Structures are given as structure tokens and as C-alpha cells.
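K.L.:
Structure file my_file_10.txt (compact mmCIF, N, CA and C atoms) right here:
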```txt
# COMPACT_ATOMS: atom_id res chain seq x y z
N MET D 21 19.62 -3.89 -6.60
CA MET D 21 18.66 -2.83 -6.45
C MET D 21 19.20 -1.67 -5.62
N ALA D 22 20.35 -1.83 -5.06
CA ALA D 22 20.90 -0.75 -4.24
C ALA D 22 21.04 0.50 -5.08
N GLY D 23 20.63 1.62 -4.49
CA GLY D 23 20.75 2.88 -5.18
C GLY D 23 19.58 3.20 -6.10
N GLN D 24 18.67 2.26 -6.30
CA GLN D 24 17.51 2.51 -7.14
C GLN D 24 16.32 2.87 -6.26
N GLY D 25 15.44 3.70 -6.79
CA GLY D 25 14.23 4.08 -6.07
C GLY D 25 13.16 3.01 -6.20
N VAL D 26 11.97 3.37 -5.76
CA VAL D 26 10.86 2.41 -5.79
C VAL D 26 10.47 2.01 -7.20
N GLU D 27 10.85 2.83 -8.19
CA GLU D 27 10.50 2.47 -9.57
C GLU D 27 11.09 1.12 -9.97
N ALA D 28 12.12 0.66 -9.27
CA ALA D 28 12.71 -0.64 -9.56
C ALA D 28 11.73 -1.79 -9.30
N PHE D 29 10.69 -1.54 -8.51
CA PHE D 29 9.72 -2.58 -8.18
C PHE D 29 8.51 -2.56 -9.11
N PHE D 30 8.52 -1.68 -10.11
CA PHE D 30 7.39 -1.55 -11.03
C PHE D 30 7.80 -1.82 -12.46
N ARG D 31 6.84 -2.34 -13.23
CA ARG D 31 7.01 -2.46 -14.67
C ARG D 31 5.66 -2.18 -15.31
N ASP D 32 5.63 -1.26 -16.24
CA ASP D 32 4.38 -0.86 -16.92
C ASP D 32 3.30 -0.45 -15.94
N GLY D 33 3.70 0.27 -14.88
CA GLY D 33 2.73 0.76 -13.90
C GLY D 33 2.24 -0.25 -12.89
N ARG D 34 2.76 -1.47 -12.98
CA ARG D 34 2.33 -2.54 -12.07
C ARG D 34 3.48 -2.91 -11.14
N LEU D 35 3.14 -3.17 -9.90
CA LEU D 35 4.13 -3.60 -8.91
C LEU D 35 4.49 -5.05 -9.21
N THR D 36 5.77 -5.31 -9.43
CA THR D 36 6.21 -6.66 -9.80
C THR D 36 6.73 -7.46 -8.61
N SER D 37 7.16 -6.75 -7.56
CA SER D 37 7.64 -7.47 -6.38
C SER D 37 7.54 -6.57 -5.15
N VAL D 38 7.40 -7.22 -4.00
CA VAL D 38 7.40 -6.51 -2.72
C VAL D 38 8.72 -6.85 -2.04
N PRO D 39 9.52 -5.83 -1.73
CA PRO D 39 10.84 -6.11 -1.16
C PRO D 39 10.76 -6.81 0.19
N ARG D 40 11.71 -7.69 0.45
CA ARG D 40 11.77 -8.40 1.73
C ARG D 40 12.47 -7.58 2.80
N LYS D 41 13.45 -6.78 2.38
CA LYS D 41 14.19 -5.97 3.36
C LYS D 41 13.26 -4.90 3.93
N PRO D 42 13.19 -4.80 5.25
CA PRO D 42 12.24 -3.88 5.89
C PRO D 42 12.36 -2.43 5.42
N GLY D 43 13.56 -1.93 5.25
CA GLY D 43 13.75 -0.55 4.84
C GLY D 43 13.22 -0.29 3.44
N ARG D 44 13.49 -1.20 2.54
CA ARG D 44 13.02 -1.07 1.15
C ARG D 44 11.50 -1.23 1.10
N ARG D 45 10.97 -2.17 1.91
CA ARG D 45 9.52 -2.37 1.93
C ARG D 45 8.83 -1.10 2.45
N GLU D 46 9.40 -0.50 3.50
CA GLU D 46 8.82 0.73 4.05
C GLU D 46 8.83 1.85 3.02
N GLU D 47 9.90 1.95 2.27
CA GLU D 47 10.00 2.95 1.21
C GLU D 47 8.89 2.74 0.17
N LEU D 48 8.67 1.48 -0.21
CA LEU D 48 7.61 1.16 -1.18
C LEU D 48 6.24 1.47 -0.60
N LEU D 49 5.99 1.09 0.66
CA LEU D 49 4.69 1.33 1.28
C LEU D 49 4.40 2.83 1.40
N ALA D 50 5.42 3.60 1.72
CA ALA D 50 5.26 5.06 1.80
C ALA D 50 4.87 5.61 0.42
N HIS D 51 5.52 5.11 -0.62
CA HIS D 51 5.22 5.54 -1.99
C HIS D 51 3.77 5.18 -2.35
N LEU D 52 3.37 3.96 -2.06
CA LEU D 52 2.00 3.53 -2.37
C LEU D 52 0.98 4.38 -1.62
N THR D 53 1.27 4.67 -0.36
CA THR D 53 0.36 5.49 0.44
C THR D 53 0.21 6.88 -0.18
N ARG D 54 1.32 7.50 -0.53
CA ARG D 54 1.29 8.84 -1.12
C ARG D 54 0.57 8.88 -2.45
N THR D 55 0.76 7.85 -3.26
CA THR D 55 0.23 7.88 -4.62
C THR D 55 -1.17 7.30 -4.75
N LEU D 56 -1.59 6.45 -3.82
CA LEU D 56 -2.88 5.78 -3.97
C LEU D 56 -3.98 6.31 -3.05
N PHE D 57 -3.62 6.88 -1.90
CA PHE D 57 -4.63 7.24 -0.91
C PHE D 57 -4.60 8.72 -0.57
N GLU D 58 -5.77 9.34 -0.52
CA GLU D 58 -5.89 10.75 -0.19
C GLU D 58 -5.90 10.95 1.31
N GLU D 59 -5.26 12.03 1.76
CA GLU D 59 -5.30 12.38 3.18
C GLU D 59 -6.71 12.82 3.55
N GLY D 60 -7.16 12.42 4.76
CA GLY D 60 -8.44 12.86 5.28
C GLY D 60 -9.65 12.15 4.72
N ARG D 61 -9.45 11.20 3.84
CA ARG D 61 -10.57 10.47 3.26
C ARG D 61 -10.68 9.09 3.91
N ALA D 62 -11.91 8.68 4.22
CA ALA D 62 -12.16 7.34 4.75
C ALA D 62 -12.45 6.41 3.57
N TYR D 63 -11.89 5.21 3.63
CA TYR D 63 -12.07 4.20 2.59
C TYR D 63 -12.70 2.96 3.18
N SER D 64 -13.60 2.34 2.46
CA SER D 64 -14.10 1.02 2.86
C SER D 64 -13.03 -0.01 2.50
N GLU D 65 -13.16 -1.21 3.05
CA GLU D 65 -12.18 -2.25 2.72
C GLU D 65 -12.20 -2.53 1.23
N ARG D 66 -13.37 -2.55 0.65
CA ARG D 66 -13.47 -2.80 -0.79
C ARG D 66 -12.75 -1.71 -1.59
N GLU D 67 -12.90 -0.44 -1.18
CA GLU D 67 -12.21 0.65 -1.87
C GLU D 67 -10.70 0.52 -1.74
N VAL D 68 -10.22 0.13 -0.55
CA VAL D 68 -8.78 -0.08 -0.37
C VAL D 68 -8.31 -1.20 -1.30
N ASN D 69 -9.04 -2.31 -1.31
CA ASN D 69 -8.67 -3.43 -2.18
C ASN D 69 -8.65 -3.03 -3.65
N ASP D 70 -9.71 -2.34 -4.09
CA ASP D 70 -9.78 -1.93 -5.49
C ASP D 70 -8.65 -0.97 -5.84
N THR D 71 -8.31 -0.08 -4.92
CA THR D 71 -7.22 0.87 -5.14
C THR D 71 -5.89 0.14 -5.26
N ILE D 72 -5.64 -0.79 -4.36
CA ILE D 72 -4.38 -1.56 -4.41
C ILE D 72 -4.31 -2.40 -5.67
N ARG D 73 -5.44 -2.96 -6.10
CA ARG D 73 -5.45 -3.80 -7.31
C ARG D 73 -5.06 -3.02 -8.57
N THR D 74 -5.09 -1.69 -8.52
CA THR D 74 -4.66 -0.92 -9.69
C THR D 74 -3.17 -1.11 -9.95
N VAL D 75 -2.42 -1.55 -8.91
CA VAL D 75 -0.98 -1.76 -9.08
C VAL D 75 -0.52 -3.19 -8.78
N HIS D 76 -1.35 -3.98 -8.04
CA HIS D 76 -0.91 -5.33 -7.66
C HIS D 76 -2.12 -6.18 -7.29
N GLU D 77 -2.10 -7.46 -7.67
CA GLU D 77 -3.24 -8.34 -7.42
C GLU D 77 -3.39 -8.77 -5.96
N ASP D 78 -2.29 -8.88 -5.22
CA ASP D 78 -2.37 -9.38 -3.84
C ASP D 78 -2.73 -8.23 -2.89
N CYS D 79 -3.98 -7.80 -2.99
CA CYS D 79 -4.41 -6.63 -2.21
C CYS D 79 -4.44 -6.94 -0.71
N SER D 80 -4.75 -8.17 -0.32
CA SER D 80 -4.84 -8.47 1.12
C SER D 80 -3.48 -8.37 1.80
N ALA D 81 -2.43 -8.85 1.15
CA ALA D 81 -1.10 -8.77 1.75
C ALA D 81 -0.65 -7.31 1.82
N LEU D 82 -0.83 -6.56 0.75
CA LEU D 82 -0.40 -5.16 0.76
C LEU D 82 -1.23 -4.34 1.75
N ARG D 83 -2.52 -4.63 1.84
CA ARG D 83 -3.36 -3.93 2.81
C ARG D 83 -2.85 -4.19 4.23
N ARG D 84 -2.52 -5.43 4.51
CA ARG D 84 -1.99 -5.80 5.83
C ARG D 84 -0.66 -5.08 6.10
N TYR D 85 0.24 -5.06 5.12
CA TYR D 85 1.52 -4.37 5.28
C TYR D 85 1.30 -2.87 5.56
N LEU D 86 0.35 -2.27 4.85
CA LEU D 86 0.08 -0.85 5.04
C LEU D 86 -0.45 -0.55 6.44
N VAL D 87 -1.30 -1.42 6.95
CA VAL D 87 -1.85 -1.24 8.30
C VAL D 87 -0.78 -1.52 9.35
N GLU D 88 -0.10 -2.66 9.22
CA GLU D 88 0.93 -3.03 10.20
C GLU D 88 2.09 -2.03 10.19
N GLY D 89 2.37 -1.43 9.04
CA GLY D 89 3.45 -0.47 8.94
C GLY D 89 3.07 0.93 9.40
N GLY D 90 1.80 1.11 9.76
CA GLY D 90 1.35 2.40 10.25
C GLY D 90 1.05 3.42 9.17
N PHE D 91 0.86 2.97 7.93
CA PHE D 91 0.56 3.87 6.83
C PHE D 91 -0.95 4.11 6.68
N LEU D 92 -1.73 3.09 7.03
CA LEU D 92 -3.19 3.19 7.05
C LEU D 92 -3.67 2.78 8.44
N THR D 93 -4.73 3.42 8.91
CA THR D 93 -5.38 2.96 10.14
C THR D 93 -6.65 2.22 9.74
N ARG D 94 -7.08 1.35 10.63
CA ARG D 94 -8.30 0.57 10.38
C ARG D 94 -9.14 0.59 11.64
N THR D 95 -10.44 0.77 11.48
CA THR D 95 -11.32 0.70 12.64
C THR D 95 -11.33 -0.73 13.17
N LYS D 96 -11.71 -0.90 14.44
CA LYS D 96 -11.69 -2.23 15.05
C LYS D 96 -12.50 -3.25 14.28
N ASP D 97 -13.63 -2.83 13.72
CA ASP D 97 -14.46 -3.77 12.96
C ASP D 97 -13.97 -3.97 11.52
N GLY D 98 -12.90 -3.25 11.14
CA GLY D 98 -12.31 -3.42 9.82
C GLY D 98 -13.11 -2.80 8.69
N SER D 99 -14.11 -1.98 9.01
CA SER D 99 -14.97 -1.44 7.97
C SER D 99 -14.42 -0.18 7.31
N THR D 100 -13.54 0.54 8.01
CA THR D 100 -13.06 1.82 7.49
C THR D 100 -11.54 1.94 7.66
N TYR D 101 -10.91 2.43 6.60
CA TYR D 101 -9.47 2.66 6.58
C TYR D 101 -9.22 4.13 6.29
N GLN D 102 -8.09 4.64 6.79
CA GLN D 102 -7.73 6.01 6.52
C GLN D 102 -6.21 6.14 6.47
N ARG D 103 -5.75 7.01 5.58
CA ARG D 103 -4.31 7.28 5.47
C ARG D 103 -3.83 8.01 6.73
N VAL D 104 -2.68 7.58 7.24
CA VAL D 104 -2.09 8.21 8.41
C VAL D 104 -1.31 9.44 7.97
N GLN D 105 -1.49 10.53 8.67
CA GLN D 105 -0.76 11.77 8.38
C GLN D 105 0.68 11.60 8.85
N ARG D 106 1.64 11.80 7.96
CA ARG D 106 3.06 11.65 8.30
C ARG D 106 3.81 12.90 8.03
```
Have the structure of the file written as C-alpha cells, please.

P.N.:
Amino acid sequence: MAGQGVEAFFRDGRLTSVPRKPGRREELLAHLTRTLFEEGRAYSEREVNDTIRTVHEDCSALRRYLVEGGFLTRTKDGSTYQRVQR
């Protein structure tokens, strides 16, 4: 996969794998954030899950990666998510 962009992780518009290497995973998460979530908009957990499911079934793992990676913020009660401005 060296030298290939994030498109290497997709087939027919669906995410086929989540990279294990931190740098590649961060590249993928940045791509997902840019393409799936609007800046300045608040999302409910259900909206985040439904949005992620458009590309991958494991929405809980990807949601966690996005929050832990600093791409999405989450309120303490977990009710609202928002894209981080980068």
C-alpha cells in the first residue's frame, strides 16, 4: 500500500479495511472527516452512526477512532458530536 492514497482502502465506495499503522489510519480518518461531516454542524450519535454506515458497517469503532484522533468532539453525555476545525 505504500505510495497509494486512501482510495486503496475503498472498493465500490465502501471502506474495506481500517489501516493498523497510525499514520495511514490518521490519513483515512482525516479523509472520512472531510468527506462525511460538515464544519459547524452538530450531529447526534445516531446521525454520526448513520453517516459512517454509508461507507462501513462498524460505526462504533470508526466513531471512537474519530473522537480519539481529535477529528470529532463529543459532549460529555455523548449526545452531540461536531467536526473539529483543522

K.L.:
Which residue gives the smallest distance to Leu56 in chain D among D:Arg34, D:Ile72, D:Ser80, D:Tyr85, with all atoms listed in the file counted?

P.N.:
D:Ile72

K.L.:
Using atom C of Arg66 in chain D and atom N of Pro42 in chain D as the two end points, give the distance in Å to one decimal.

P.N.:
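These two atoms are separated by 27.0 Å.
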
K.L.:
Please, what distance in Å, to one decimal, runs between CA of Gln102 in chain D and CA of Ala62 in chain D?

P.N.:
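Between CA of Gln102 in chain D and CA of Ala62 in chain D the gap works out to 5.0 Å.
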
K.L.:
Could you pull out the strand (DSSP E or B) residues of chain D from DSSP and send them as a VMD selection string?

P.N.:
chain D and resid 30 to 31 34 to 35 62 to 64 92 to 94 100 to 103

K.L.:
What is the atom C of Tyr101 in chain D to atom C of Thr74 in chain D distance in Å?

P.N.:
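Computing it gives 18.1 Å between the two atoms.
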
K.L.:
Report as AutoDock Vina command-line options the centre and the edge lengths, in Å to one decimal, of the axis-aligned box holding every listed atom of range 80-89 of chain D, padded by 4 Å on each side.

P.N.:
```
--center_x -0.7 --center_y -4.0 --center_z 4.9 --size_x 16.3 --size_y 17.8 --size_z 18.5
```

K.L.:
My list of candidates is D:Gly25, D:Tyr63, D:Glu47, D:Arg54. Which is closest to Thr100 in chain D when distances are computed with all atoms listed in the file?

P.N.:
D:Tyr63

K.L.:
With only C-alpha atoms as the basis for distance, which of D:Gln105, D:Asn69, D:Glu88, D:Gly98 is at the shortest distance from Arg45 in chain D?

P.N.:
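With only C-alpha atoms as the atom set, the closest residue is D:Glu88.
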
K.L.:
Run DSSP on the backbone and give me the residues of chain D it puts in helix (DSSP H, G or I), as a count of residues only.

P.N.:
38

K.L.:
Kindly indicate which residue among D:Arg103, D:His76, D:Lys96, D:Arg83 lies nearest to Arg61 in chain D, using only C-alpha atoms for the distances.

P.N.:
D:Arg103

K.L.:
Since the input is missing atoms, can you rebuild N, CA, C and O atoms for range 48-71 of chain D and write them as a CSV table (one decimal), in the coordinates of the input?

P.N.:
```
chain,number,residue,atom,x,y,z
D,48,LEU,N,8.7,1.5,-0.2
D,48,LEU,CA,7.6,1.2,-1.2
D,48,LEU,C,6.2,1.5,-0.6
D,48,LEU,O,5.4,2.1,-1.3
D,49,LEU,N,6.0,1.1,0.7
D,49,LEU,CA,4.7,1.3,1.3
D,49,LEU,C,4.4,2.8,1.4
D,49,LEU,O,3.3,3.3,1.2
D,50,ALA,N,5.4,3.6,1.7
D,50,ALA,CA,5.3,5.1,1.8
D,50,ALA,C,4.9,5.6,0.4
D,50,ALA,O,4.0,6.5,0.3
D,51,HIS,N,5.5,5.1,-0.6
D,51,HIS,CA,5.2,5.5,-2.0
D,51,HIS,C,3.8,5.2,-2.4
D,51,HIS,O,3.0,6.0,-2.9
D,52,LEU,N,3.4,4.0,-2.1
D,52,LEU,CA,2.0,3.5,-2.4
D,52,LEU,C,1.0,4.4,-1.6
D,52,LEU,O,0.0,4.8,-2.2
D,53,THR,N,1.3,4.7,-0.4
D,53,THR,CA,0.4,5.5,0.4
D,53,THR,C,0.2,6.9,-0.2
D,53,THR,O,-0.9,7.4,-0.3
D,54,ARG,N,1.3,7.5,-0.5
D,54,ARG,CA,1.3,8.8,-1.1
D,54,ARG,C,0.6,8.9,-2.4
D,54,ARG,O,-0.1,9.8,-2.8
D,55,THR,N,0.8,7.8,-3.3
D,55,THR,CA,0.2,7.9,-4.6
D,55,THR,C,-1.2,7.3,-4.8
D,55,THR,O,-1.9,7.6,-5.7
D,56,LEU,N,-1.6,6.4,-3.8
D,56,LEU,CA,-2.9,5.8,-4.0
D,56,LEU,C,-4.0,6.3,-3.0
D,56,LEU,O,-5.2,6.2,-3.4
D,57,PHE,N,-3.6,6.9,-1.9
D,57,PHE,CA,-4.6,7.2,-0.9
D,57,PHE,C,-4.6,8.7,-0.6
D,57,PHE,O,-3.5,9.3,-0.3
D,58,GLU,N,-5.8,9.3,-0.5
D,58,GLU,CA,-5.9,10.8,-0.2
D,58,GLU,C,-5.9,11.0,1.3
D,58,GLU,O,-6.5,10.2,2.0
D,59,GLU,N,-5.3,12.0,1.8
D,59,GLU,CA,-5.3,12.4,3.2
D,59,GLU,C,-6.7,12.8,3.6
D,59,GLU,O,-7.4,13.5,2.8
D,60,GLY,N,-7.2,12.4,4.8
D,60,GLY,CA,-8.4,12.9,5.3
D,60,GLY,C,-9.6,12.2,4.7
D,60,GLY,O,-10.8,12.4,5.1
D,61,ARG,N,-9.4,11.2,3.8
D,61,ARG,CA,-10.6,10.5,3.3
D,61,ARG,C,-10.7,9.1,3.9
D,61,ARG,O,-9.7,8.4,4.1
D,62,ALA,N,-11.9,8.7,4.2
D,62,ALA,CA,-12.2,7.3,4.8
D,62,ALA,C,-12.4,6.4,3.6
D,62,ALA,O,-13.1,6.8,2.6
D,63,TYR,N,-11.9,5.2,3.6
D,63,TYR,CA,-12.1,4.2,2.6
D,63,TYR,C,-12.7,3.0,3.2
D,63,TYR,O,-12.3,2.5,4.3
D,64,SER,N,-13.6,2.3,2.5
D,64,SER,CA,-14.1,1.0,2.9
D,64,SER,C,-13.0,0.0,2.5
D,64,SER,O,-12.1,0.3,1.7
D,65,GLU,N,-13.2,-1.2,3.0
D,65,GLU,CA,-12.2,-2.2,2.7
D,65,GLU,C,-12.2,-2.5,1.2
D,65,GLU,O,-11.2,-2.7,0.6
D,66,ARG,N,-13.4,-2.6,0.6
D,66,ARG,CA,-13.5,-2.8,-0.8
D,66,ARG,C,-12.8,-1.7,-1.6
D,66,ARG,O,-12.1,-2.0,-2.6
D,67,GLU,N,-12.9,-0.4,-1.2
D,67,GLU,CA,-12.2,0.6,-1.9
D,67,GLU,C,-10.7,0.5,-1.7
D,67,GLU,O,-10.0,0.8,-2.7
D,68,VAL,N,-10.2,0.1,-0.6
D,68,VAL,CA,-8.8,-0.1,-0.4
D,68,VAL,C,-8.3,-1.2,-1.3
D,68,VAL,O,-7.3,-1.1,-2.0
D,69,ASN,N,-9.0,-2.3,-1.3
D,69,ASN,CA,-8.7,-3.4,-2.2
D,69,ASN,C,-8.6,-3.0,-3.6
D,69,ASN,O,-7.7,-3.3,-4.4
D,70,ASP,N,-9.7,-2.3,-4.1
D,70,ASP,CA,-9.8,-1.9,-5.5
D,70,ASP,C,-8.6,-1.0,-5.8
D,70,ASP,O,-8.1,-1.0,-6.9
D,71,THR,N,-8.3,-0.1,-4.9
D,71,THR,CA,-7.2,0.9,-5.1
D,71,THR,C,-5.9,0.1,-5.3
D,71,THR,O,-5.1,0.4,-6.2
```
